[in-house]
$ cat upload04.tsv   # TSV, C-alpha atoms and all ligand atoms
chain	number	residue	atom	x	y	z
Z	23	MET	CA	16.30	37.64	-1.80
Z	24	LYS	CA	16.92	38.10	1.92
Z	25	PRO	CA	20.65	38.46	2.79
Z	26	PHE	CA	22.26	35.32	4.18
Z	27	ALA	CA	25.64	34.11	5.45
Z	28	TYR	CA	27.56	31.47	3.52
Z	29	VAL	CA	29.85	28.85	5.06
Z	30	ASN	CA	32.19	26.72	2.97
Z	31	PRO	CA	33.33	23.77	5.12
Z	32	ALA	CA	35.99	21.42	3.80
Z	33	ASN	CA	34.49	18.19	5.10
Z	34	GLU	CA	31.36	16.57	6.54
Z	35	LYS	CA	32.38	17.11	10.18
Z	36	ASP	CA	32.82	20.86	9.71
Z	37	ALA	CA	29.63	21.00	7.66
Z	38	VAL	CA	27.62	19.43	10.49
Z	39	ALA	CA	29.20	21.85	12.99
Z	40	ALA	CA	27.94	24.77	10.88
Z	41	LEU	CA	24.29	23.62	10.92
Z	42	GLY	CA	21.65	24.71	13.43
Z	43	LYS	CA	18.63	23.31	15.23
Z	44	GLU	CA	15.81	25.40	13.73
Z	45	HIS	CA	13.85	24.06	10.75
Z	46	GLU	CA	14.77	25.93	7.48
Z	47	LYS	CA	16.95	28.57	9.24
Z	48	VAL	CA	20.40	27.13	8.43
Z	49	LEU	CA	20.37	24.98	5.33
Z	50	PRO	CA	22.84	22.81	3.46
Z	51	ILE	CA	23.24	23.78	-0.17
Z	52	GLY	CA	24.31	21.34	-2.89
Z	53	GLY	CA	23.75	22.39	-6.49
Z	54	GLY	CA	21.19	24.99	-5.37
Z	55	GLN	CA	18.75	23.97	-8.12
Z	56	ASP	CA	15.89	23.75	-5.65
Z	57	LEU	CA	16.99	25.87	-2.71
Z	58	LEU	CA	18.00	29.02	-4.62
Z	59	ALA	CA	14.65	29.03	-6.46
Z	60	ARG	CA	12.81	28.79	-3.13
Z	61	MET	CA	14.90	31.62	-1.73
Z	62	LYS	CA	14.29	33.86	-4.75
Z	63	ASP	CA	10.57	33.22	-4.38
Z	64	TYR	CA	10.67	34.07	-0.62
Z	65	VAL	CA	9.36	30.59	0.20
Z	66	THR	CA	12.45	29.74	2.24
Z	67	GLN	CA	14.48	32.47	3.91
Z	68	PRO	CA	17.49	30.93	5.66
Z	69	ASP	CA	19.95	33.00	7.69
Z	70	ARG	CA	22.89	30.81	6.65
Z	71	LEU	CA	23.77	28.37	3.90
Z	72	VAL	CA	26.30	25.58	4.40
Z	73	ASN	CA	27.98	24.37	1.23
Z	74	VAL	CA	27.92	20.55	1.10
Z	75	LYS	CA	29.55	20.10	-2.29
Z	76	ASN	CA	32.82	19.24	-0.51
Z	77	LEU	CA	31.25	16.13	0.98
Z	78	ASP	CA	31.97	12.74	-0.57
Z	79	ALA	CA	31.10	12.70	-4.28
Z	80	THR	CA	32.44	9.25	-5.10
Z	81	VAL	CA	31.13	5.72	-5.49
Z	82	THR	CA	32.81	2.98	-3.46
Z	83	ARG	CA	32.21	-0.76	-3.09
Z	84	ALA	CA	30.46	-1.82	0.13
Z	85	ASN	CA	29.55	-5.44	1.01
Z	86	GLY	CA	28.82	-6.41	-2.57
Z	87	GLY	CA	26.84	-3.22	-3.09
Z	88	LEU	CA	27.73	0.43	-3.62
Z	89	LYS	CA	28.06	3.48	-1.40
Z	90	ILE	CA	27.26	6.74	-3.18
Z	91	GLY	CA	28.43	10.06	-1.70
Z	92	SER	CA	25.65	12.63	-1.42
Z	93	ALA	CA	27.69	15.31	-3.21
Z	94	MET	CA	27.78	13.25	-6.39
Z	95	LYS	CA	26.14	15.06	-9.29
Z	96	MET	CA	23.20	13.39	-11.01
Z	97	VAL	CA	25.01	13.33	-14.35
Z	98	ASP	CA	27.73	11.25	-12.70
Z	99	VAL	CA	25.14	8.89	-11.22
Z	100	ALA	CA	23.56	8.48	-14.66
Z	101	GLU	CA	26.90	7.75	-16.31
Z	102	HIS	CA	28.66	5.68	-13.64
Z	103	PRO	CA	29.40	2.22	-15.10
Z	104	ASP	CA	28.91	0.31	-11.82
Z	105	ILE	CA	25.63	2.07	-11.01
Z	106	GLY	CA	24.37	1.40	-14.53
Z	107	ARG	CA	25.37	-2.25	-14.40
Z	108	MET	CA	24.27	-3.06	-10.85
Z	109	TYR	CA	21.31	-0.70	-10.38
Z	110	PRO	CA	19.99	0.17	-13.84
Z	111	ALA	CA	16.81	1.72	-12.41
Z	112	VAL	CA	18.87	4.27	-10.44
Z	113	ALA	CA	20.80	5.26	-13.57
Z	114	ALA	CA	17.53	5.39	-15.56
Z	115	ALA	CA	15.95	7.71	-12.99
Z	116	ALA	CA	19.02	9.96	-12.89
Z	117	ILE	CA	19.25	10.37	-16.67
Z	118	GLU	CA	15.60	11.50	-16.85
Z	119	VAL	CA	15.89	14.24	-14.22
Z	120	GLY	CA	15.14	17.75	-15.51
Z	121	THR	CA	17.68	18.87	-18.10
Z	122	PRO	CA	21.42	18.35	-18.72
Z	123	GLN	CA	22.11	21.62	-16.86
Z	124	ILE	CA	20.13	20.47	-13.82
Z	125	ARG	CA	21.82	17.06	-13.83
Z	126	ASN	CA	25.21	18.80	-14.06
Z	127	GLN	CA	24.51	20.89	-10.96
Z	128	GLY	CA	22.07	18.86	-8.86
Z	129	THR	CA	23.47	16.46	-6.27
Z	130	VAL	CA	22.16	13.19	-4.88
Z	131	GLY	CA	21.67	14.75	-1.43
Z	132	GLY	CA	19.83	17.73	-2.90
Z	133	ASN	CA	17.65	15.55	-5.09
Z	134	ILE	CA	16.50	13.40	-2.19
Z	135	ASN	CA	15.90	16.40	0.06
Z	136	GLN	CA	14.36	18.81	-2.45
Z	137	ARG	CA	11.08	20.31	-1.27
Z	138	PRO	CA	7.71	19.73	-2.97
Z	139	ARG	CA	6.98	21.31	-6.35
Z	140	CYS	CA	3.37	22.08	-5.40
Z	141	TRP	CA	2.51	25.48	-6.87
Z	142	TYR	CA	0.76	26.56	-3.66
Z	143	PHE	CA	3.82	25.71	-1.58
Z	144	ARG	CA	6.04	27.56	-4.09
Z	145	ASN	CA	3.93	30.73	-4.01
Z	146	GLU	CA	4.68	32.96	-1.03
Z	147	GLU	CA	1.06	34.19	-0.99
Z	148	PHE	CA	-0.34	30.76	-0.09
Z	149	VAL	CA	0.41	29.95	3.53
Z	150	CYS	CA	-0.30	26.26	3.41
Z	151	TYR	CA	0.30	23.53	6.01
Z	152	LYS	CA	3.89	23.18	4.79
Z	153	LYS	CA	4.56	26.83	5.67
Z	154	GLY	CA	2.88	26.83	9.07
Z	155	GLY	CA	-0.64	27.56	7.76
Z	156	ASN	CA	-3.77	25.61	8.56
Z	157	ARG	CA	-4.88	24.22	5.20
Z	158	CYS	CA	-3.83	22.54	1.99
Z	159	PHE	CA	-5.09	24.55	-0.98
Z	160	SER	CA	-5.04	21.71	-3.49
Z	161	PRO	CA	-8.26	19.76	-2.70
Z	162	GLU	CA	-10.43	22.78	-3.62
Z	163	GLY	CA	-7.89	24.23	-6.03
Z	164	GLU	CA	-5.74	23.28	-9.01
Z	165	ASN	CA	-4.76	19.71	-8.23
Z	166	GLN	CA	-3.98	18.03	-11.55
Z	167	PHE	CA	-0.45	17.05	-10.45
Z	168	HIS	CA	-1.19	16.27	-6.81
Z	169	ALA	CA	-1.40	13.03	-4.85
Z	170	ILE	CA	-3.78	10.18	-5.62
Z	171	PHE	CA	-2.74	8.21	-2.54
Z	172	GLY	CA	-2.32	9.21	1.08
Z	173	SER	CA	-5.54	11.08	1.99
Z	174	GLY	CA	-3.83	14.33	3.05
Z	175	PRO	CA	-3.79	16.46	5.07
Z	176	SER	CA	-1.22	17.76	2.54
Z	177	TYR	CA	-1.57	16.42	-1.01
Z	178	ILE	CA	1.96	17.04	-2.30
Z	179	VAL	CA	3.71	14.36	-4.31
Z	180	HIS	CA	7.31	13.65	-3.43
Z	181	PRO	CA	9.43	15.34	-6.10
Z	182	SER	CA	12.55	13.13	-6.06
Z	183	SER	CA	13.04	10.73	-8.97
Z	184	LEU	CA	15.99	9.02	-7.27
Z	185	ALA	CA	13.99	8.32	-4.10
Z	186	VAL	CA	11.80	5.75	-5.85
Z	187	PRO	CA	14.52	3.34	-7.07
Z	188	PHE	CA	16.38	3.88	-3.79
Z	189	VAL	CA	13.32	2.62	-1.90
Z	190	ALA	CA	12.86	-0.24	-4.37
Z	191	TYR	CA	16.49	-1.38	-4.00
Z	192	ASP	CA	16.16	-1.14	-0.19
Z	193	ALA	CA	18.89	1.50	0.11
Z	194	THR	CA	20.06	2.83	3.45
Z	195	PHE	CA	20.80	6.52	4.00
Z	196	ARG	CA	23.70	7.53	6.24
Z	197	LEU	CA	22.83	10.64	8.24
Z	198	LEU	CA	25.40	12.58	10.22
Z	199	GLY	CA	24.68	15.01	13.03
Z	200	PRO	CA	26.21	16.30	16.25
Z	201	ARG	CA	25.11	13.07	17.99
Z	202	GLY	CA	27.03	10.97	15.46
Z	203	GLU	CA	25.86	8.93	12.49
Z	204	ARG	CA	22.63	6.98	12.06
Z	205	MET	CA	21.53	4.64	9.32
Z	206	VAL	CA	17.95	4.93	8.08
Z	207	LYS	CA	16.32	2.75	5.45
Z	208	ALA	CA	15.14	4.80	2.46
Z	209	ALA	CA	11.62	3.41	3.04
Z	210	ASP	CA	11.64	4.84	6.59
Z	211	TYR	CA	13.28	8.15	5.64
Z	212	PHE	CA	10.32	9.70	3.83
Z	213	THR	CA	7.36	10.57	6.02
Z	214	MET	CA	3.67	10.90	5.31
Z	215	PRO	CA	2.15	14.23	6.30
Z	216	THR	CA	0.25	14.19	9.58
Z	217	LYS	CA	-1.30	17.17	11.36
Z	218	GLU	CA	1.61	17.01	13.84
Z	219	ASN	CA	4.38	16.64	11.24
Z	220	VAL	CA	3.12	18.22	8.06
Z	221	GLU	CA	5.94	20.70	7.41
Z	222	ARG	CA	8.61	18.09	6.63
Z	223	GLU	CA	8.94	15.28	4.14
Z	224	ASN	CA	11.48	13.15	5.98
Z	225	VAL	CA	13.08	12.28	9.30
Z	226	LEU	CA	16.25	14.37	8.80
Z	227	GLU	CA	16.80	16.73	11.73
Z	228	PRO	CA	17.80	20.34	10.96
Z	229	ASP	CA	21.29	19.70	12.39
Z	230	GLU	CA	21.89	16.57	10.30
Z	231	LEU	CA	23.18	15.91	6.78
Z	232	LEU	CA	22.53	13.06	4.41
Z	233	THR	CA	26.07	11.97	3.54
Z	234	HIS	CA	25.72	8.64	1.71
Z	235	VAL	CA	23.30	6.28	0.02
Z	236	ILE	CA	24.23	2.64	0.59
Z	237	LEU	CA	22.82	0.14	-1.88
Z	238	PRO	CA	22.83	-3.55	-0.92
Z	239	ALA	CA	24.21	-6.19	-3.29
Z	240	PRO	CA	21.72	-6.39	-6.17
Z	241	GLY	CA	22.03	-10.16	-6.59
Z	242	THR	CA	20.17	-11.32	-9.67
Z	243	LEU	CA	17.35	-8.77	-9.53
Z	244	LYS	CA	15.95	-7.64	-12.86
Z	245	SER	CA	14.74	-4.06	-13.02
Z	246	GLY	CA	12.39	-1.83	-14.94
Z	247	HIS	CA	11.91	1.93	-14.56
Z	248	TYR	CA	9.24	3.76	-16.52
Z	249	GLU	CA	8.35	7.46	-16.36
Z	250	VAL	CA	5.47	9.30	-18.02
Z	251	ARG	CA	5.86	13.04	-18.67
Z	252	TYR	CA	4.11	15.74	-20.63
Z	253	LYS	CA	7.45	16.81	-22.10
Z	254	ALA	CA	10.53	14.71	-22.84
Z	255	SER	CA	12.75	17.12	-20.91
Z	256	HIS	CA	12.61	20.07	-18.48
Z	257	ASP	CA	9.75	18.58	-16.50
Z	258	TRP	CA	8.82	16.23	-13.67
Z	259	PRO	CA	7.05	12.95	-14.36
Z	260	ILE	CA	3.26	12.78	-14.01
Z	261	ALA	CA	3.71	9.28	-12.61
Z	262	PHE	CA	6.45	6.68	-12.70
Z	263	ALA	CA	7.42	3.30	-11.34
Z	264	THR	CA	10.43	1.18	-10.47
Z	265	VAL	CA	9.88	-2.58	-10.53
Z	266	LEU	CA	12.38	-5.20	-9.37
Z	267	LEU	CA	11.83	-8.87	-10.10
Z	268	GLU	CA	13.58	-11.96	-8.77
Z	269	MET	CA	13.06	-14.29	-11.68
Z	270	ASN	CA	13.17	-18.06	-11.95
Z	271	GLY	CA	12.97	-18.64	-15.68
Z	272	SER	CA	9.91	-16.73	-16.81
Z	273	THR	CA	8.32	-16.81	-13.34
Z	274	ALA	CA	8.69	-14.03	-10.78
Z	275	GLN	CA	9.68	-15.47	-7.42
Z	276	SER	CA	9.26	-12.09	-5.76
Z	277	ALA	CA	8.75	-8.48	-6.77
Z	278	ARG	CA	9.19	-4.91	-5.58
Z	279	VAL	CA	6.85	-2.30	-6.99
Z	280	VAL	CA	7.33	1.36	-6.03
Z	281	MET	CA	5.55	4.30	-7.65
Z	282	GLY	CA	6.61	7.94	-7.81
Z	283	ALA	CA	4.67	11.21	-8.19
Z	284	VAL	CA	1.50	9.62	-6.83
Z	285	ALA	CA	1.85	10.26	-3.07
Z	286	PRO	CA	3.77	12.38	-0.54
Z	287	VAL	CA	6.32	9.52	-0.29
Z	288	PRO	CA	7.60	6.89	-2.74
Z	289	TRP	CA	4.56	4.58	-2.76
Z	290	ARG	CA	5.21	0.88	-2.48
Z	291	SER	CA	2.42	-1.45	-3.57
Z	292	LYS	CA	2.42	-4.76	-1.73
Z	293	ASP	CA	-0.80	-5.69	-3.57
Z	294	ALA	CA	1.02	-5.45	-6.89
Z	295	GLU	CA	3.97	-7.40	-5.49
Z	296	GLN	CA	1.65	-10.18	-4.34
Z	297	ALA	CA	-0.06	-10.19	-7.71
Z	298	LEU	CA	3.33	-10.94	-9.33
Z	299	ALA	CA	4.91	-13.35	-6.84
Z	300	GLY	CA	4.94	-16.92	-8.11
Z	301	LYS	CA	3.42	-15.96	-11.48
Z	302	PRO	CA	4.85	-16.19	-14.97
Z	303	ILE	CA	5.32	-12.65	-16.25
Z	304	THR	CA	3.11	-12.05	-19.25
Z	305	ALA	CA	1.19	-9.07	-20.60
Z	306	GLU	CA	-1.82	-10.33	-18.61
Z	307	THR	CA	-0.06	-10.71	-15.24
Z	308	ALA	CA	1.64	-7.32	-15.73
Z	309	ALA	CA	-1.75	-5.69	-16.39
Z	310	ALA	CA	-3.31	-7.43	-13.37
Z	311	ALA	CA	-0.48	-6.29	-11.10
Z	312	ALA	CA	-0.79	-2.73	-12.40
Z	313	GLU	CA	-4.51	-2.87	-11.65
Z	314	ALA	CA	-3.69	-4.05	-8.12
Z	315	ALA	CA	-1.12	-1.25	-7.69
Z	316	LEU	CA	-3.74	1.42	-8.24
Z	317	LYS	CA	-6.43	-0.22	-6.11
Z	318	GLY	CA	-7.33	2.23	-3.38
Z	319	ALA	CA	-6.23	5.34	-5.29
Z	320	GLU	CA	-8.24	8.40	-4.25
Z	321	PRO	CA	-7.88	11.01	-6.96
Z	322	LEU	CA	-8.80	14.63	-6.35
Z	323	SER	CA	-11.18	16.64	-8.56
Z	324	GLN	CA	-8.71	17.13	-11.46
Z	325	ASN	CA	-6.21	14.30	-11.29
Z	326	GLY	CA	-8.26	11.17	-11.99
Z	327	TYR	CA	-6.23	10.75	-15.19
Z	328	LYS	CA	-3.15	10.00	-13.08
Z	329	VAL	CA	-4.63	6.65	-12.06
Z	330	GLN	CA	-4.41	5.36	-15.63
Z	331	VAL	CA	-1.00	7.00	-16.18
Z	332	ALA	CA	0.42	5.33	-13.06
Z	333	LYS	CA	-1.13	2.01	-14.08
Z	334	THR	CA	0.60	2.24	-17.44
Z	335	ALA	CA	3.92	3.12	-15.80
Z	336	VAL	CA	3.71	0.08	-13.49
Z	337	GLU	CA	2.66	-2.26	-16.26
Z	338	ARG	CA	5.47	-1.12	-18.57
Z	339	ALA	CA	8.09	-1.24	-15.81
Z	340	ILE	CA	7.08	-4.85	-15.10
Z	341	LEU	CA	7.35	-5.80	-18.77
Z	342	GLN	CA	10.70	-4.02	-19.01
Z	343	ALA	CA	12.03	-5.84	-15.94
Z	344	ALA	CA	10.96	-9.18	-17.42
Z	345	GLY	CA	12.58	-8.32	-20.75
Z	346	LEU	CA	9.23	-8.36	-22.56
Z	347	ALA	CA	8.15	-6.02	-25.32
Z	348	ILE	CA	6.06	-2.99	-24.36
Z	349	THR	CA	3.06	-2.96	-26.64
I	401	LIG	C1	12.63	22.26	-14.82
I	401	LIG	C2	13.03	21.29	-13.74
I	401	LIG	C3	12.75	19.93	-13.91
I	401	LIG	C4	13.10	19.01	-12.91
I	401	LIG	N1	12.79	17.70	-13.07
I	401	LIG	C5	13.07	16.81	-12.08
I	401	LIG	C6	12.78	15.43	-12.20
I	401	LIG	O1	12.28	14.97	-13.21
I	401	LIG	N2	13.10	14.62	-11.16
I	401	LIG	C7	13.67	15.08	-10.02
I	401	LIG	O2	13.96	14.31	-9.13
I	401	LIG	N3	13.96	16.39	-9.88
I	401	LIG	C8	13.69	17.26	-10.88
I	401	LIG	N4	14.02	18.57	-10.72
I	401	LIG	C9	14.55	19.03	-9.44
I	401	LIG	C10	16.04	18.96	-9.37
I	401	LIG	O3	16.47	17.66	-9.72
I	401	LIG	C11	16.44	19.26	-7.95
I	401	LIG	O4	16.15	20.61	-7.70
I	401	LIG	C12	17.90	18.97	-7.69
I	401	LIG	O5	18.12	17.59	-7.79
I	401	LIG	C13	18.27	19.41	-6.32
I	401	LIG	O6	19.64	19.09	-6.13
I	401	LIG	P1	20.62	20.25	-5.63
I	401	LIG	O7	21.91	19.61	-5.29
I	401	LIG	O8	20.65	21.37	-6.59
I	401	LIG	O9	19.85	20.65	-4.28
I	401	LIG	P2	19.81	22.01	-3.50
I	401	LIG	O10	18.90	22.98	-4.16
I	401	LIG	O11	21.17	22.47	-3.17
I	401	LIG	O12	19.11	21.49	-2.15
I	401	LIG	C14	17.79	20.99	-2.15
I	401	LIG	C15	17.33	20.77	-0.71
I	401	LIG	O13	18.06	19.68	-0.15
I	401	LIG	C16	18.80	20.10	1.00
I	401	LIG	N5	20.07	19.40	0.93
I	401	LIG	C17	21.00	19.49	-0.06
I	401	LIG	N6	22.01	18.63	0.17
I	401	LIG	C18	21.72	17.99	1.34
I	401	LIG	C19	22.38	16.99	2.11
I	401	LIG	N7	23.54	16.46	1.73
I	401	LIG	N8	21.78	16.57	3.24
I	401	LIG	C20	20.61	17.09	3.64
I	401	LIG	N9	19.94	18.04	2.95
I	401	LIG	C21	20.49	18.47	1.82
I	401	LIG	C22	18.90	21.62	0.90
I	401	LIG	O14	18.99	22.24	2.14
I	401	LIG	C23	17.61	21.96	0.18
I	401	LIG	O15	16.55	22.12	1.09
I	401	LIG	C24	13.74	19.48	-11.73
I	401	LIG	C25	14.03	20.85	-11.58
I	401	LIG	C26	13.67	21.74	-12.56
I	401	LIG	C27	14.00	23.20	-12.37
$ encode --input "upload04.tsv" --output "structure tokens" --more "lines below"
Ligand SMILES: Cc1cc2nc3c(=O)[nH]c(=O)nc-3n(C[C@H](O)[C@H](O)[C@H](O)COP(=O)(O)OP(=O)(O)OC[C@H]3O[C@@H](n4cnc5c(N)ncnc54)[C@H](O)[C@@H]3O)c2cc1C
Amino acid sequence: MKPFAYVNPANEKDAVAALGKEHEKVLPIGGGQDLLARMKDYVTQPDRLVNVKNLDATVTRANGGLKIGSAMKMVDVAEHPDIGRMYPAVAAAAIEVGTPQIRNQGTVGGNINQRPRCWYFRNEEFVCYKKGGNRCFSPEGENQFHAIFGSGPSYIVHPSSLAVPFVAYDATFRLLGPRGERMVKAADYFTMPTKENVERENVLEPDELLTHVILPAPGTLKSGHYEVRYKASHDWPIAFATVLLEMNGSTAQSARVVMGAVAPVPWRSKDAEQALAGKPITAETAAAAAEAALKGAEPLSQNGYKVQVAKTAVERAILQAAGLAIT
């Protein structure tokens, strides 16, 4: 590992002051579950790390919703009674992340800002778009876990499990930098790769921190969150979905359908939402909406199977949200 300086600021203001302007040169470190692995693999070689575990790690009430500090550990998100009661899909996503050890170390801020798990990105010998190169190796390479939506130029899938329910619940992220704070909707935070902006996954500037996630009042929304993995633990999902339903009896007045691990950003399906709005939720409408969610998927040479996996995740999340049995 390349030598680096370490700064241990006591609060968010001092932490921001210790950051820099160059991409990946001075980096915040939360639990280090992602960043230290990248550093050991010579994928990221920062000159300085800024500890952000002294930032807010609490949950407070905010306008009928909740404000979660970015230093909160994932285990605490999974076990927090208010999060579990008001935003069950967030708690469900948190409890599935990695392993108990990872959930005990990993923070909300680190989870949202972790870099892609693509094996080409993680191997120092492959200089892909994300590392300043001029190609993505996955279309002609090993792409069984890559994107089925988005059409490149980079085919990573976003690795954060928490990002998906945060987008579904219409969360806002508070960012703090030398120019002050700004509020960015979770749906606008994550960015699709373009030739001009392929190296980053979000709108965070190098001299900014994500300090809080603000969740609006959940009202009477019903939620479902369904993940499909190869292994029950110590793994990322192959595909997953968060579904929120506003129900009137057995009919969905409106719906939110967001998929994870299928695209470079949490992937919202308005087609699936339209397929559910105004319909009674049954096994048939859930299946039709899942079909609609995967319309337009463009699998690569080895990941066609993900289309069916994602369909199943959406269908089961809908049934779960409606309180129906998963058959
Ligand atoms: C075997 C395994 C399985 C896993 N499975 C899953 C899974 O199923 N779902 C999932 O979501 N993740 C999974 N992970 C990833 C893991 O959850 C993340 O690595 C962890 O959440 C990162 O949190 P951290 O606090 O350790 O981040 P760090 O490693 O400290 O930081 C990660 C990145 O975020 C940046 N960062 C940290 N805090 C902030 C902040 N406040 N503001 C701005 N930037 C910040 C850092 O600079 C760094 O680039 C898995 C990891 C492993 C090893």
$ residues_near_ligand --input "upload04.tsv" --ligand "ligand LIG 401 (chain I)" --cutoff "6 Å" --atoms "only C-alpha atoms and all ligand atoms" --output "VMD selection string"
chain Z and resid 49 to 57 92 119 to 120 127 to 129 131 to 133 135 to 136 181 to 184 231 to 233 256 to 259
$ closest_residue --input "upload04.tsv" --among "Z:Gly199, Z:Thr216, Z:Val97, Z:Pro228" --to "Z:Pro68" --atoms "all atoms listed in the file"
Z:Pro228
$ residues_around --input "upload04.tsv" --residues "Z:Ala285" --least-positions-apart "6" --cutoff "10 Å" --atoms "all atoms listed in the file" --output "list in words"
His168, Ala169, Ile170, Phe171, Gly172, Ser173, Gly174, Ser176, Tyr177, Ile178, Val179, His180, Pro181, Met214, Ala261 and Ala319 of chain Z
$ residues_around --input "upload04.tsv" --residues "Z:Arg144" --least-positions-apart "2" --cutoff "12 Å" --atoms "all atoms listed in the file" --output "list in words"
Asp56, Leu57, Ala59, Arg60, Met61, Lys62, Asp63, Tyr64, Val65, Thr66, Arg137, Pro138, Arg139, Cys140, Trp141, Tyr142, Glu146, Glu147, Phe148, Val149, Cys150, Lys152, Lys153, Phe159 and Ile178 of chain Z
$ closest_atom_pairs --input "upload04.tsv" --of "stretch 237-323 of chain Z" --to "stretch 113-116 of chain Z" --cutoff "9 Å" --atoms "all atoms listed in the file" --output "Markdown table"
| residue | atom | partner | partner_atom | distance |
| --- | --- | --- | --- | --- |
| Z:Gly246 | CA | Z:Ala114 | CA | 8.9 |
| Z:His247 | CA | Z:Ala114 | CA | 6.7 |
| Z:Tyr248 | CA | Z:Ala114 | CA | 8.5 |
| Z:Glu249 | CA | Z:Ala115 | CA | 8.3 |
| Z:Thr264 | CA | Z:Ala115 | CA | 8.9 |
$ write_last_selection --input "upload04.tsv" --atoms "C-alpha atoms" --output "PDB file, keeping the file's coordinate frame"
ATOM      1  CA  GLY Z 246      12.390  -1.830 -14.940  1.00  0.00           C
ATOM      2  CA  HIS Z 247      11.910   1.930 -14.560  1.00  0.00           C
ATOM      3  CA  TYR Z 248       9.240   3.760 -16.520  1.00  0.00           C
ATOM      4  CA  GLU Z 249       8.350   7.460 -16.360  1.00  0.00           C
ATOM      5  CA  THR Z 264      10.430   1.180 -10.470  1.00  0.00           C
TER       6      THR Z 264
END
$ closest_residue --input "upload04.tsv" --among "Z:Met96, Z:Val48, Z:Ala339, Z:Val206" --to "Z:Arg125" --atoms "only C-alpha atoms"
Z:Met96
$ atom_distance --input "upload04.tsv" --atom1 "atom CA of Z:Thr194" --atom2 "atom CA of Z:Pro110"
17.5 Å
$ atom_distance --input "upload04.tsv" --atom1 "atom CA of Z:Val112" --atom2 "atom CA of Z:Val189"
10.3 Å
$ atom_distance --input "upload04.tsv" --atom1 "atom CA of Z:Leu198" --atom2 "atom CA of Z:Gly87"
20.7 Å
$ build_atoms --input "upload04.tsv" --residues "stretch 88-92 of chain Z" --atoms "all heavy atoms" --output "PDB file, in the frame of the given file"
ATOM      1  N   LEU Z  88      27.019  -0.826  -3.376  1.00  0.00           N
ATOM      2  CA  LEU Z  88      27.730   0.430  -3.620  1.00  0.00           C
ATOM      3  C   LEU Z  88      27.334   1.479  -2.586  1.00  0.00           C
ATOM      4  O   LEU Z  88      26.199   1.488  -2.094  1.00  0.00           O
ATOM      5  CB  LEU Z  88      27.395   0.983  -5.013  1.00  0.00           C
ATOM      6  CG  LEU Z  88      27.848   0.189  -6.242  1.00  0.00           C
ATOM      7  CD1 LEU Z  88      27.397   0.895  -7.523  1.00  0.00           C
ATOM      8  CD2 LEU Z  88      29.367  -0.010  -6.256  1.00  0.00           C
ATOM      9  N   LYS Z  89      28.309   2.364  -2.308  1.00  0.00           N
ATOM     10  CA  LYS Z  89      28.060   3.480  -1.400  1.00  0.00           C
ATOM     11  C   LYS Z  89      28.274   4.761  -2.208  1.00  0.00           C
ATOM     12  O   LYS Z  89      29.370   4.999  -2.725  1.00  0.00           O
ATOM     13  CB  LYS Z  89      29.081   3.388  -0.254  1.00  0.00           C
ATOM     14  CG  LYS Z  89      28.891   4.367   0.851  1.00  0.00           C
ATOM     15  CD  LYS Z  89      29.861   4.023   1.980  1.00  0.00           C
ATOM     16  CE  LYS Z  89      29.814   5.032   3.079  1.00  0.00           C
ATOM     17  NZ  LYS Z  89      30.825   4.780   4.106  1.00  0.00           N
ATOM     18  N   ILE Z  90      27.215   5.530  -2.332  1.00  0.00           N
ATOM     19  CA  ILE Z  90      27.260   6.740  -3.180  1.00  0.00           C
ATOM     20  C   ILE Z  90      27.318   7.967  -2.275  1.00  0.00           C
ATOM     21  O   ILE Z  90      26.459   8.154  -1.402  1.00  0.00           O
ATOM     22  CB  ILE Z  90      26.000   6.824  -4.070  1.00  0.00           C
ATOM     23  CG1 ILE Z  90      25.867   5.570  -4.952  1.00  0.00           C
ATOM     24  CG2 ILE Z  90      26.013   8.081  -4.920  1.00  0.00           C
ATOM     25  CD1 ILE Z  90      24.570   5.512  -5.760  1.00  0.00           C
ATOM     26  N   GLY Z  91      28.319   8.825  -2.488  1.00  0.00           N
ATOM     27  CA  GLY Z  91      28.430  10.060  -1.700  1.00  0.00           C
ATOM     28  C   GLY Z  91      27.348  11.042  -2.117  1.00  0.00           C
ATOM     29  O   GLY Z  91      27.019  11.179  -3.299  1.00  0.00           O
ATOM     30  N   SER Z  92      26.799  11.755  -1.127  1.00  0.00           N
ATOM     31  CA  SER Z  92      25.650  12.630  -1.420  1.00  0.00           C
ATOM     32  C   SER Z  92      26.006  13.836  -2.277  1.00  0.00           C
ATOM     33  O   SER Z  92      25.126  14.485  -2.832  1.00  0.00           O
ATOM     34  CB  SER Z  92      24.981  13.090  -0.120  1.00  0.00           C
ATOM     35  OG  SER Z  92      25.869  13.903   0.605  1.00  0.00           O
TER      36      SER Z  92
END
